[in-house]
Amino acid sequence: MAHGLLVARKAPTLYSGMDSAPENSHVSAADDILLEHDVQRLGRELHGRIKGKSPGIFQASYWKGLLMDGAMRDPALKTDLFRLVDALPALATSEEIARHAREYLLADQRSLPMGLGLALRTTQNRIAASISAFVIKRHVRGMAEMFIIGRDARDARASLQRLWNQGFGFTVDLLGEASVSEAESEVYVRRYDDLIDFLPAETARWKANEILDRGPSSGSHPRANISLKLSAMDHLLDPADVEGGVHRLLGRVRPLLRKARDLGAFIHFDLEQWSLHEIAFRVFETLAAEPEFASWPHLGIVMQAYLKSADDDLDRLLALAAKRGAPITVRLVKGAYWDYEFVQSGLIGVPCPVLLHKPETDAHYERLTRRLLENRDKIHAAFGTHNLRSITVALTWAEKLGVAPGDFELQMLYGMAEAEREMLRSLGHRVRLYTPVGDLLTGMAYLVRRLLENTANSSFVRLRHYEGADIGELLAKPEIPALSSGETAKSYDGLLSAPFENCPLSDFTNAQVRAAFAQAVAEAEKQMPWHIPVVINGRIWPDGEALHHVSPNLNARLAARTNSATVEDVEHAVRDARTGWPAWRDLPLKNRAKLINNLGARLEADRVRLAAMEVHEQGKPWREADADIAEAVDFCRYYARQALTELGPRTQGHLPGEANTLTYEGRGICAVIAPWNFPLAILCGMTAAALVAGNAVMLKPAEQATAVAHAFYQHAIAAGIPADMLAFLPGPGEIVGDALVRHRDVVQIAFTGSRDVGLSILKSAAEIAPGQTMIKRVVCEMGGKNAIIVDDDADLDEAITGVIRSAFGYAGQKCSACSRVIVVGGGYAPFLARLKAAAASLVPSSAATPDCLLPPVIDEASFTRLRDLLREPVADAQRVFCGAVKSDGWFVPPAIFEVSDPRHPLMQRELFGPILAIFAARDFSHAIEVANTSDYALTGAVYSRSPRHLEQAQKEFRVGNLYLNRPCTGALVNRQPFGGFKMSGAGTKAGGPGYLLNFAEMRVCTENTMRRGFTPEIL
Ligand SMILES: Cc1cc2nc3c(=O)[nH]c(=O)nc-3n(C[C@H](O)[C@H](O)[C@H](O)COP(=O)(O)OP(=O)(O)OC[C@H]3O[C@@H](n4cnc5c(N)ncnc54)[C@H](O)[C@@H]3O)c2cc1C
């Protein structure tokens, strides 16, 4: 007998034992069993109706079958296939397509499905290449067309009407998820505007459909239904600046809503990545509650069940609906960005926002399903899923709670689950299809996401159509694993015995974190100017010749007044350190390691205050300042652990008769001469390494970074570093730095800074002072003239964002910053056009505001040098872009110069500012040659989708830190040991293995263990 729910409009009662469904009922365990029983019964019924029918994507035409089958069987092939699909739109010629297909697919020892390997090998031949390229492109386009309904709404009109005539509603989504400039965001908003103009008028002419046009109690449903993606409407969205993002988006979305309301369209807010969740929610909440929209029922938003916050999200939406008085539609989905969220949160070390086990998401979905339907007076529920179990649970709950079909709807993606959608429609449900429109380029990213979703191991579609899972498995109640997502959250216990883990960056998606940061920034501002003393052996010397440093954000504001150390202070500090040093050297290594580990913990506990100081003292934007503190913590934790493995005693050789013991010990007194651009991280890294290895440290911070350096000093002393082993000696480099470098008892120098100073230190350190008994060793990190190569097949969205971040982040004042971009072949003109548009968004602003994209440069000297460069025309270079000017701080506008000579000064001289040279290379080899034409070899990056070019770069692009398809800044301790060679430094890698050895002497003691003919080893 057919199940009652199968004929939707009759809505018979499922639960014969219960007369009617109680409102907002609480289900007992017995009810739960009953419900599960009905889910199983209905699920089997529904399954019976679609048995044997596969979605189009699984129906095997040669290429489709090959792609899906290969992807399911071999994860490596899946990666390569999908990467090839992703690259296709950027490939201009048949040769390029054929080359990429070979590079991706003809991997060693890979057995390709029949015929494909042969076809690819023959693509070496020009005519065969053209034919293969044509075939590949045609088939991939064909696949994209399965999921994308048209290039734009007008192009899609006939297909949309066909769907309507078949009895399906739709919601149109405009593809185009990444915009990198204001202009691109505006284009996207205009496309929506155009869509709202077009769709209601167009659909009004279509024939009436009782189920699609009205719900029994939910009233009329506009035919024109549009899904909005907010990310593409504003390219500057940033979780640290929720207010700014919301403000800008309100201005853009409000007119769209007005037009939609007036013309009769439904607007649905899609949700994207977690980092934008709060912004999207706030925009929705604000608009939905505004008087002009508060009674408008045709507004909806997505809820992502995979989010740990989903229950709270629903609470918010219920409160909103209650407040405004008209219902809102909620489309419940599981969430499309699971892999991204999982990977991204792991990379930056913040709590993972999504549930970690698929059954948890499924169970969450079911719970939320019930809550949505229970609140039908406030919420119109829409269930966006292709999973038969999830659909069945929704239908069962709707029946139980008395929500009539038509007062909720089922939604599916166009191109997926065709059999399910047809079956549900035929049963009288309102089924709406999510129909994206867009061109092939933006469509490819969407296609790849759908392919990934269909082939994921846990995907319902894969289980049903590929794995042939039986009905019991497909309908099984999701079991929450013993170790659920809540319990897996790791906490760093801080003990030295715990393995090293990078200190997480602050999670600015968290409102409390944002508020604490804002408060600390405001408090730090009130504290300025900081008064910074000299401290020698614990004694504070506050007075003396003063150094003044104004805040780069506002040059009328003094940030720090510092007592400058003198040559006599240096003498005094070195003398005290010399006396105390042997005891420090001989302290057990573990004791020193513990102190350094403690120092890391102290810095972490004080991270917000320290970061806020950097915001004012160095003009570091929030995120950059936060990352600097996290890196300092990392250095402490890392070197403390690394010392135990690298500097501990060990035996060498194992022949009987001798015992060889290798030990390390500190060298003596080390001068740490630190830069201002990573005012805590680099200073802390060099100091921690020197101390843990058993040296005393004379700490000479940069003149522009004494306040944060002094805060560090205080933490170090509080963590237990003996006062005579760490002297704090701020002052001018030419006086204090020079005196330290030349001092006969300073045996070690750790320097990070400019090339000129670095080279002069190397020279001075080579001179033997009278009475000097040790050879000075110099750990010297200097600058870079770092290049990013953008290949002609690069993903331009990624490349532009990466170049902008690398070149203009912290106003280009990082030694790892990109200052040359080398663009290969035909990609040059489109790249430059988009780069200029993206750079135009970099409006200079104080680092104290959370929306700061381009902070000031550090001081007047830097400002004047850069301003002068921008004032005059530069010979043999064309300035193709120069940004906005701001005059109350040391603000330098971002600038881009076109050059055609790799040896041009703009391609060779380190400028340390927001100035970028761009160069057009003939081909990829030429680009590498140009990139290597530099005295420096620090960092570099390549954006390319050619495996062969990426491999070539790895071999031939000679820099200390090479990054593929990501920015060239942002190295993390342990993961990317950092440092360069040539004129960038002496090859030492901070935050990596071997670094500590630079600060220690290796000693070997060999004992003859043979006594009168016997040795203990063979007793
Ligand atoms: C009409 C419609 C509109 C949509 N709009 C959006 C939108 O605006 N925003 C959005 O994010 N998504 C959206 N989606 C996509 C949706 O979120 C799902 O990705 C997709 O529908 C697959 O889910 P499923 O229930 O069909 O399949 P299933 O195979 O049952 O579920 C797959 C889903 O399970 C989750 N999952 C996978 N692995 C794990 C794991 N290890 N731990 C926890 N959870 C896991 C993921 O969410 C994955 O997508 C929409 C879907 C539809 C049908």
# chains A, B, ... in the order shown; residues from 1 in each chain; ligands from 1
$ residues_near_ligand --ligand "ligand 1" --cutoff "7 Å" --atoms "only C-alpha atoms and all ligand atoms" --output "number ranges by chain"
A: 270-272, 302, 304, 306, 333-338, 354-362, 384-387, 390, 411-413, 433-434, 453, 458-461
$ write_last_selection --atoms "N, CA and C atoms" --output "CSV table (one decimal), in the first residue's frame"
chain,number,residue,atom,x,y,z
A,270,ASP,N,22.2,33.5,-0.1
A,270,ASP,CA,23.1,32.3,0.1
A,270,ASP,C,24.1,32.6,1.2
A,271,LEU,N,24.6,31.5,1.7
A,271,LEU,CA,25.7,31.7,2.7
A,271,LEU,C,26.9,31.0,2.1
A,272,GLU,N,28.0,31.6,2.4
A,272,GLU,CA,29.3,31.1,1.8
A,272,GLU,C,30.2,30.7,2.9
A,302,VAL,N,19.9,31.2,3.8
A,302,VAL,CA,20.4,29.8,4.0
A,302,VAL,C,20.8,29.5,5.4
A,304,GLN,N,23.3,26.6,7.3
A,304,GLN,CA,24.2,25.5,7.0
A,304,GLN,C,24.3,24.6,8.2
A,306,TYR,N,26.1,22.1,8.7
A,306,TYR,CA,27.4,21.6,9.1
A,306,TYR,C,28.1,22.6,10.1
A,333,VAL,N,20.5,23.8,4.3
A,333,VAL,CA,21.4,22.9,3.5
A,333,VAL,C,22.5,22.4,4.5
A,334,LYS,N,23.3,21.5,4.0
A,334,LYS,CA,24.4,21.0,4.8
A,334,LYS,C,25.6,21.9,4.8
A,335,GLY,N,25.9,22.4,3.6
A,335,GLY,CA,27.0,23.4,3.5
A,335,GLY,C,28.0,22.9,2.5
A,336,ALA,N,28.3,23.8,1.6
A,336,ALA,CA,29.1,23.5,0.4
A,336,ALA,C,30.6,23.7,0.6
A,337,TYR,N,31.1,24.1,1.7
A,337,TYR,CA,32.5,24.5,1.8
A,337,TYR,C,33.2,23.7,2.9
A,338,TRP,N,32.8,22.5,3.0
A,338,TRP,CA,33.3,21.7,4.2
A,338,TRP,C,34.9,21.6,4.1
A,354,VAL,N,33.1,23.9,11.4
A,354,VAL,CA,32.2,22.9,10.9
A,354,VAL,C,32.3,21.6,11.7
A,355,LEU,N,31.2,20.9,11.7
A,355,LEU,CA,31.3,19.5,12.4
A,355,LEU,C,32.3,18.7,11.6
A,356,LEU,N,32.9,17.7,12.3
A,356,LEU,CA,34.0,17.0,11.6
A,356,LEU,C,33.6,15.7,11.1
A,357,HIS,N,32.4,15.2,11.4
A,357,HIS,CA,31.9,13.9,11.0
A,357,HIS,C,30.6,14.1,10.2
A,358,LYS,N,30.6,13.4,9.0
A,358,LYS,CA,29.4,13.6,8.2
A,358,LYS,C,28.1,13.2,8.9
A,359,PRO,N,28.1,12.1,9.7
A,359,PRO,CA,26.8,11.7,10.4
A,359,PRO,C,26.4,12.8,11.3
A,360,GLU,N,27.4,13.6,11.9
A,360,GLU,CA,27.0,14.7,12.8
A,360,GLU,C,26.2,15.7,12.0
A,361,THR,N,26.7,16.0,10.8
A,361,THR,CA,26.0,17.0,10.0
A,361,THR,C,24.6,16.5,9.6
A,362,ASP,N,24.6,15.2,9.2
A,362,ASP,CA,23.2,14.7,8.9
A,362,ASP,C,22.3,14.7,10.1
A,384,GLY,N,17.1,22.0,1.2
A,384,GLY,CA,18.1,21.9,0.1
A,384,GLY,C,19.0,20.7,0.3
A,385,THR,N,18.6,19.6,-0.3
A,385,THR,CA,19.4,18.4,-0.2
A,385,THR,C,19.0,17.4,-1.3
A,386,HIS,N,20.0,16.5,-1.6
A,386,HIS,CA,19.7,15.4,-2.6
A,386,HIS,C,19.7,14.1,-1.8
A,387,ASN,N,19.8,14.2,-0.5
A,387,ASN,CA,20.0,12.9,0.2
A,387,ASN,C,18.6,12.4,0.6
A,390,SER,N,17.6,12.5,4.2
A,390,SER,CA,17.3,13.9,4.7
A,390,SER,C,15.9,14.3,4.2
A,411,GLN,N,14.3,21.7,-2.3
A,411,GLN,CA,15.2,22.4,-3.3
A,411,GLN,C,16.4,21.5,-3.7
A,412,MET,N,16.7,21.6,-4.9
A,412,MET,CA,17.9,20.8,-5.4
A,412,MET,C,18.7,21.6,-6.4
A,413,LEU,N,19.9,21.2,-6.5
A,413,LEU,CA,20.8,21.9,-7.5
A,413,LEU,C,20.4,21.4,-8.9
A,433,LEU,N,14.5,24.4,-8.2
A,433,LEU,CA,15.9,24.1,-8.6
A,433,LEU,C,16.8,25.3,-8.5
A,434,TYR,N,18.0,25.1,-8.0
A,434,TYR,CA,19.0,26.1,-7.9
A,434,TYR,C,19.7,26.2,-9.3
A,453,GLU,N,31.7,17.4,-5.0
A,453,GLU,CA,30.6,17.0,-4.1
A,453,GLU,C,30.1,15.6,-4.5
A,458,SER,N,31.9,10.5,1.2
A,458,SER,CA,30.7,10.4,2.1
A,458,SER,C,29.5,10.9,1.4
A,459,SER,N,29.6,11.3,0.1
A,459,SER,CA,28.4,11.9,-0.6
A,459,SER,C,27.3,10.9,-0.8
A,460,PHE,N,26.1,11.4,-0.5
A,460,PHE,CA,25.0,10.5,-0.7
A,460,PHE,C,24.9,10.1,-2.2
A,461,VAL,N,25.1,11.0,-3.0
A,461,VAL,CA,25.0,10.8,-4.5
A,461,VAL,C,26.0,9.7,-4.9
$ closest_atom_pairs --of "segment 649-751 of chain A" --to "segment 548-562 of chain A" --cutoff "8 Å" --atoms "only C-alpha atoms" --output "tab-separated table"
residue	atom	partner	partner_atom	distance
A:Glu703	CA	A:His549	CA	7.5
A:Gln704	CA	A:His549	CA	5.9
A:Thr706	CA	A:Thr562	CA	7.1
A:Ala707	CA	A:Ala560	CA	6.5
A:Pro730	CA	A:Thr562	CA	7.4
A:Gly731	CA	A:Thr562	CA	7.9
$ residues_around --residues "segment 368-379 of chain A" --least-positions-apart "4" --cutoff "8 Å" --atoms "only C-alpha atoms" --output "compact mmCIF listing (two decimals) with N, CA and C atoms, in the first residue's frame"
# COMPACT_ATOMS: atom_id res chain seq x y z
N GLU A 23 1.50 20.96 18.42
CA GLU A 23 2.36 22.11 18.08
C GLU A 23 3.60 22.06 18.96
N ASN A 24 4.74 22.36 18.40
CA ASN A 24 5.99 22.42 19.15
C ASN A 24 6.15 21.24 20.11
N SER A 25 5.80 20.08 19.60
CA SER A 25 5.81 18.91 20.47
C SER A 25 7.22 18.52 20.86
N ALA A 305 23.79 23.40 7.98
CA ALA A 305 23.71 22.47 9.13
C ALA A 305 25.08 21.98 9.57
N ASP A 311 22.48 25.89 15.43
CA ASP A 311 21.34 26.05 16.35
C ASP A 311 21.18 27.51 16.76
N LEU A 318 14.71 32.98 14.33
CA LEU A 318 13.38 32.94 14.95
C LEU A 318 13.09 34.27 15.65
N ALA A 321 12.30 36.81 13.00
CA ALA A 321 10.97 36.65 12.42
C ALA A 321 9.91 37.16 13.41
N ALA A 322 10.13 36.86 14.70
CA ALA A 322 9.16 37.31 15.71
C ALA A 322 9.13 38.83 15.76
N ALA A 326 6.63 39.26 9.92
CA ALA A 326 6.35 38.48 8.70
C ALA A 326 7.32 37.31 8.68
N PRO A 327 6.88 36.19 8.13
CA PRO A 327 7.77 35.03 8.12
C PRO A 327 8.98 35.24 7.21
N ILE A 328 10.01 34.45 7.47
CA ILE A 328 11.13 34.43 6.54
C ILE A 328 11.32 33.00 6.05
N THR A 329 11.88 32.89 4.88
CA THR A 329 12.15 31.54 4.37
C THR A 329 13.56 31.15 4.78
N VAL A 330 13.70 29.91 5.24
CA VAL A 330 15.04 29.40 5.56
C VAL A 330 15.29 28.18 4.70
N LEU A 332 17.40 25.16 4.39
CA LEU A 332 18.34 24.37 5.18
C LEU A 332 19.20 23.53 4.25
N HIS A 364 22.43 16.76 12.61
CA HIS A 364 22.14 18.17 12.85
C HIS A 364 21.05 18.63 11.89
N PHE A 383 14.01 22.75 2.07
CA PHE A 383 15.05 21.77 2.36
C PHE A 383 15.91 21.56 1.12
N VAL A 393 13.15 12.44 6.04
CA VAL A 393 12.95 12.94 7.40
C VAL A 393 12.13 14.23 7.35
N ALA A 394 12.44 15.09 6.39
CA ALA A 394 11.68 16.35 6.27
C ALA A 394 10.22 16.06 5.99
N TRP A 397 8.55 14.60 9.20
CA TRP A 397 8.30 15.62 10.22
C TRP A 397 7.17 16.57 9.79
N ALA A 398 7.17 16.92 8.52
CA ALA A 398 6.11 17.82 8.04
C ALA A 398 4.76 17.19 8.27
N LEU A 401 3.96 17.10 12.01
CA LEU A 401 3.67 18.40 12.61
C LEU A 401 2.55 19.14 11.88
N VAL A 403 2.39 20.24 8.79
CA VAL A 403 2.75 21.30 7.84
C VAL A 403 2.39 20.79 6.44
$ select_by_dssp --residues "segment 245-378 of chain A" --states "strand (DSSP E)" --output "ChimeraX atom specification"
/A:265-269,299-304,328-333
$ atom_distance --atom1 "atom CA of Gly402 of chain A" --atom2 "atom CA of Arg389 of chain A"
19.6 Å
$ atom_distance --atom1 "atom CA of Tyr664 of chain A" --atom2 "atom CA of Ala718 of chain A"
26.5 Å
$ closest_residue --among "A:Arg110, A:His616, A:Arg539, A:Arg575" --to "Thr849 of chain A" --atoms "only C-alpha atoms"
A:His616
$ residues_around --residues "segment 170-183 of chain A" --least-positions-apart "2" --cutoff "8 Å" --atoms "only C-alpha atoms" --output "MDAnalysis selection string"
chainID A and resid 152:153 160 163:164 168 185:188 191:192 223:229 231:235 432:439 442:443 446 797 800:801 834 837:841
$ decode --residues "segment 97-109 of chain A" --atoms "all heavy atoms" --output "PDB file, in the first residue's frame"
ATOM      1  N   ILE A  97      45.969  23.405 -24.355  1.00  0.00           N
ATOM      2  CA  ILE A  97      45.059  22.431 -23.735  1.00  0.00           C
ATOM      3  C   ILE A  97      45.700  21.043 -23.773  1.00  0.00           C
ATOM      4  O   ILE A  97      45.738  20.329 -22.766  1.00  0.00           O
ATOM      5  CB  ILE A  97      43.692  22.410 -24.454  1.00  0.00           C
ATOM      6  CG1 ILE A  97      43.002  23.760 -24.259  1.00  0.00           C
ATOM      7  CG2 ILE A  97      42.811  21.272 -23.939  1.00  0.00           C
ATOM      8  CD1 ILE A  97      41.699  23.916 -25.013  1.00  0.00           C
ATOM      9  N   ALA A  98      46.240  20.698 -24.939  1.00  0.00           N
ATOM     10  CA  ALA A  98      46.840  19.370 -25.070  1.00  0.00           C
ATOM     11  C   ALA A  98      48.030  19.226 -24.117  1.00  0.00           C
ATOM     12  O   ALA A  98      48.208  18.189 -23.476  1.00  0.00           O
ATOM     13  CB  ALA A  98      47.277  19.153 -26.519  1.00  0.00           C
ATOM     14  N   ARG A  99      48.832  20.277 -24.010  1.00  0.00           N
ATOM     15  CA  ARG A  99      50.005  20.203 -23.118  1.00  0.00           C
ATOM     16  C   ARG A  99      49.556  19.997 -21.666  1.00  0.00           C
ATOM     17  O   ARG A  99      50.085  19.157 -20.948  1.00  0.00           O
ATOM     18  CB  ARG A  99      50.832  21.493 -23.237  1.00  0.00           C
ATOM     19  CG  ARG A  99      51.973  21.568 -22.249  1.00  0.00           C
ATOM     20  CD  ARG A  99      52.917  22.722 -22.549  1.00  0.00           C
ATOM     21  NE  ARG A  99      52.399  24.035 -22.228  1.00  0.00           N
ATOM     22  CZ  ARG A  99      52.359  24.556 -20.992  1.00  0.00           C
ATOM     23  NH1 ARG A  99      52.801  23.860 -19.966  1.00  0.00           N
ATOM     24  NH2 ARG A  99      51.884  25.765 -20.798  1.00  0.00           N
ATOM     25  N   HIS A 100      48.578  20.769 -21.256  1.00  0.00           N
ATOM     26  CA  HIS A 100      48.122  20.634 -19.874  1.00  0.00           C
ATOM     27  C   HIS A 100      47.515  19.251 -19.627  1.00  0.00           C
ATOM     28  O   HIS A 100      47.723  18.666 -18.562  1.00  0.00           O
ATOM     29  CB  HIS A 100      47.093  21.720 -19.527  1.00  0.00           C
ATOM     30  CG  HIS A 100      47.728  23.036 -19.225  1.00  0.00           C
ATOM     31  ND1 HIS A 100      48.297  23.831 -20.194  1.00  0.00           N
ATOM     32  CD2 HIS A 100      47.922  23.692 -18.051  1.00  0.00           C
ATOM     33  CE1 HIS A 100      48.791  24.927 -19.633  1.00  0.00           C
ATOM     34  NE2 HIS A 100      48.575  24.862 -18.335  1.00  0.00           N
ATOM     35  N   ALA A 101      46.764  18.766 -20.592  1.00  0.00           N
ATOM     36  CA  ALA A 101      46.159  17.438 -20.419  1.00  0.00           C
ATOM     37  C   ALA A 101      47.272  16.398 -20.227  1.00  0.00           C
ATOM     38  O   ALA A 101      47.193  15.528 -19.361  1.00  0.00           O
ATOM     39  CB  ALA A 101      45.299  17.088 -21.625  1.00  0.00           C
ATOM     40  N   ARG A 102      48.329  16.515 -21.039  1.00  0.00           N
ATOM     41  CA  ARG A 102      49.457  15.575 -20.887  1.00  0.00           C
ATOM     42  C   ARG A 102      50.104  15.730 -19.523  1.00  0.00           C
ATOM     43  O   ARG A 102      50.383  14.768 -18.830  1.00  0.00           O
ATOM     44  CB  ARG A 102      50.509  15.824 -21.975  1.00  0.00           C
ATOM     45  CG  ARG A 102      50.168  15.212 -23.319  1.00  0.00           C
ATOM     46  CD  ARG A 102      51.411  15.125 -24.193  1.00  0.00           C
ATOM     47  NE  ARG A 102      52.089  16.401 -24.374  1.00  0.00           N
ATOM     48  CZ  ARG A 102      51.759  17.310 -25.288  1.00  0.00           C
ATOM     49  NH1 ARG A 102      50.730  17.085 -26.086  1.00  0.00           N
ATOM     50  NH2 ARG A 102      52.431  18.434 -25.400  1.00  0.00           N
ATOM     51  N   GLU A 103      50.360  16.991 -19.155  1.00  0.00           N
ATOM     52  CA  GLU A 103      51.068  17.225 -17.894  1.00  0.00           C
ATOM     53  C   GLU A 103      50.280  16.706 -16.690  1.00  0.00           C
ATOM     54  O   GLU A 103      50.841  16.169 -15.747  1.00  0.00           O
ATOM     55  CB  GLU A 103      51.349  18.724 -17.705  1.00  0.00           C
ATOM     56  CG  GLU A 103      52.404  19.255 -18.636  1.00  0.00           C
ATOM     57  CD  GLU A 103      52.626  20.762 -18.442  1.00  0.00           C
ATOM     58  OE1 GLU A 103      52.243  21.293 -17.386  1.00  0.00           O
ATOM     59  OE2 GLU A 103      53.186  21.389 -19.359  1.00  0.00           O
ATOM     60  N   TYR A 104      48.992  16.878 -16.742  1.00  0.00           N
ATOM     61  CA  TYR A 104      48.189  16.445 -15.589  1.00  0.00           C
ATOM     62  C   TYR A 104      47.974  14.933 -15.569  1.00  0.00           C
ATOM     63  O   TYR A 104      48.007  14.315 -14.518  1.00  0.00           O
ATOM     64  CB  TYR A 104      46.821  17.134 -15.596  1.00  0.00           C
ATOM     65  CG  TYR A 104      46.847  18.508 -14.954  1.00  0.00           C
ATOM     66  CD1 TYR A 104      46.715  19.666 -15.712  1.00  0.00           C
ATOM     67  CD2 TYR A 104      47.015  18.639 -13.580  1.00  0.00           C
ATOM     68  CE1 TYR A 104      46.749  20.918 -15.113  1.00  0.00           C
ATOM     69  CE2 TYR A 104      47.046  19.895 -12.975  1.00  0.00           C
ATOM     70  CZ  TYR A 104      46.915  21.028 -13.749  1.00  0.00           C
ATOM     71  OH  TYR A 104      46.960  22.260 -13.149  1.00  0.00           O
ATOM     72  N   LEU A 105      47.727  14.397 -16.752  1.00  0.00           N
ATOM     73  CA  LEU A 105      47.205  13.026 -16.746  1.00  0.00           C
ATOM     74  C   LEU A 105      48.240  11.950 -17.009  1.00  0.00           C
ATOM     75  O   LEU A 105      48.081  10.823 -16.555  1.00  0.00           O
ATOM     76  CB  LEU A 105      46.054  12.906 -17.757  1.00  0.00           C
ATOM     77  CG  LEU A 105      44.902  13.901 -17.485  1.00  0.00           C
ATOM     78  CD1 LEU A 105      43.781  13.709 -18.490  1.00  0.00           C
ATOM     79  CD2 LEU A 105      44.354  13.744 -16.078  1.00  0.00           C
ATOM     80  N   LEU A 106      49.315  12.292 -17.751  1.00  0.00           N
ATOM     81  CA  LEU A 106      50.282  11.244 -18.076  1.00  0.00           C
ATOM     82  C   LEU A 106      51.323  11.119 -16.955  1.00  0.00           C
ATOM     83  O   LEU A 106      52.496  11.342 -17.168  1.00  0.00           O
ATOM     84  CB  LEU A 106      50.978  11.546 -19.401  1.00  0.00           C
ATOM     85  CG  LEU A 106      50.118  11.422 -20.659  1.00  0.00           C
ATOM     86  CD1 LEU A 106      50.941  11.701 -21.909  1.00  0.00           C
ATOM     87  CD2 LEU A 106      49.486  10.041 -20.757  1.00  0.00           C
ATOM     88  N   ALA A 107      50.866  10.804 -15.768  1.00  0.00           N
ATOM     89  CA  ALA A 107      51.819  10.647 -14.666  1.00  0.00           C
ATOM     90  C   ALA A 107      52.465   9.270 -14.753  1.00  0.00           C
ATOM     91  O   ALA A 107      51.897   8.335 -15.337  1.00  0.00           O
ATOM     92  CB  ALA A 107      51.089  10.794 -13.352  1.00  0.00           C
ATOM     93  N   ASP A 108      53.653   9.188 -14.156  1.00  0.00           N
ATOM     94  CA  ASP A 108      54.382   7.913 -14.148  1.00  0.00           C
ATOM     95  C   ASP A 108      53.518   6.791 -13.597  1.00  0.00           C
ATOM     96  O   ASP A 108      52.864   6.956 -12.580  1.00  0.00           O
ATOM     97  CB  ASP A 108      55.616   8.039 -13.237  1.00  0.00           C
ATOM     98  CG  ASP A 108      56.750   8.708 -13.981  1.00  0.00           C
ATOM     99  OD1 ASP A 108      56.601   8.887 -15.198  1.00  0.00           O
ATOM    100  OD2 ASP A 108      57.745   9.048 -13.324  1.00  0.00           O
ATOM    101  N   GLN A 109      53.570   5.673 -14.270  1.00  0.00           N
ATOM    102  CA  GLN A 109      52.942   4.436 -13.788  1.00  0.00           C
ATOM    103  C   GLN A 109      51.437   4.564 -13.547  1.00  0.00           C
ATOM    104  O   GLN A 109      50.867   3.774 -12.828  1.00  0.00           O
ATOM    105  CB  GLN A 109      53.598   3.985 -12.478  1.00  0.00           C
ATOM    106  CG  GLN A 109      55.078   3.910 -12.623  1.00  0.00           C
ATOM    107  CD  GLN A 109      55.764   3.191 -11.499  1.00  0.00           C
ATOM    108  OE1 GLN A 109      55.286   3.175 -10.389  1.00  0.00           O
ATOM    109  NE2 GLN A 109      56.901   2.615 -11.806  1.00  0.00           N
TER     110      GLN A 109
END
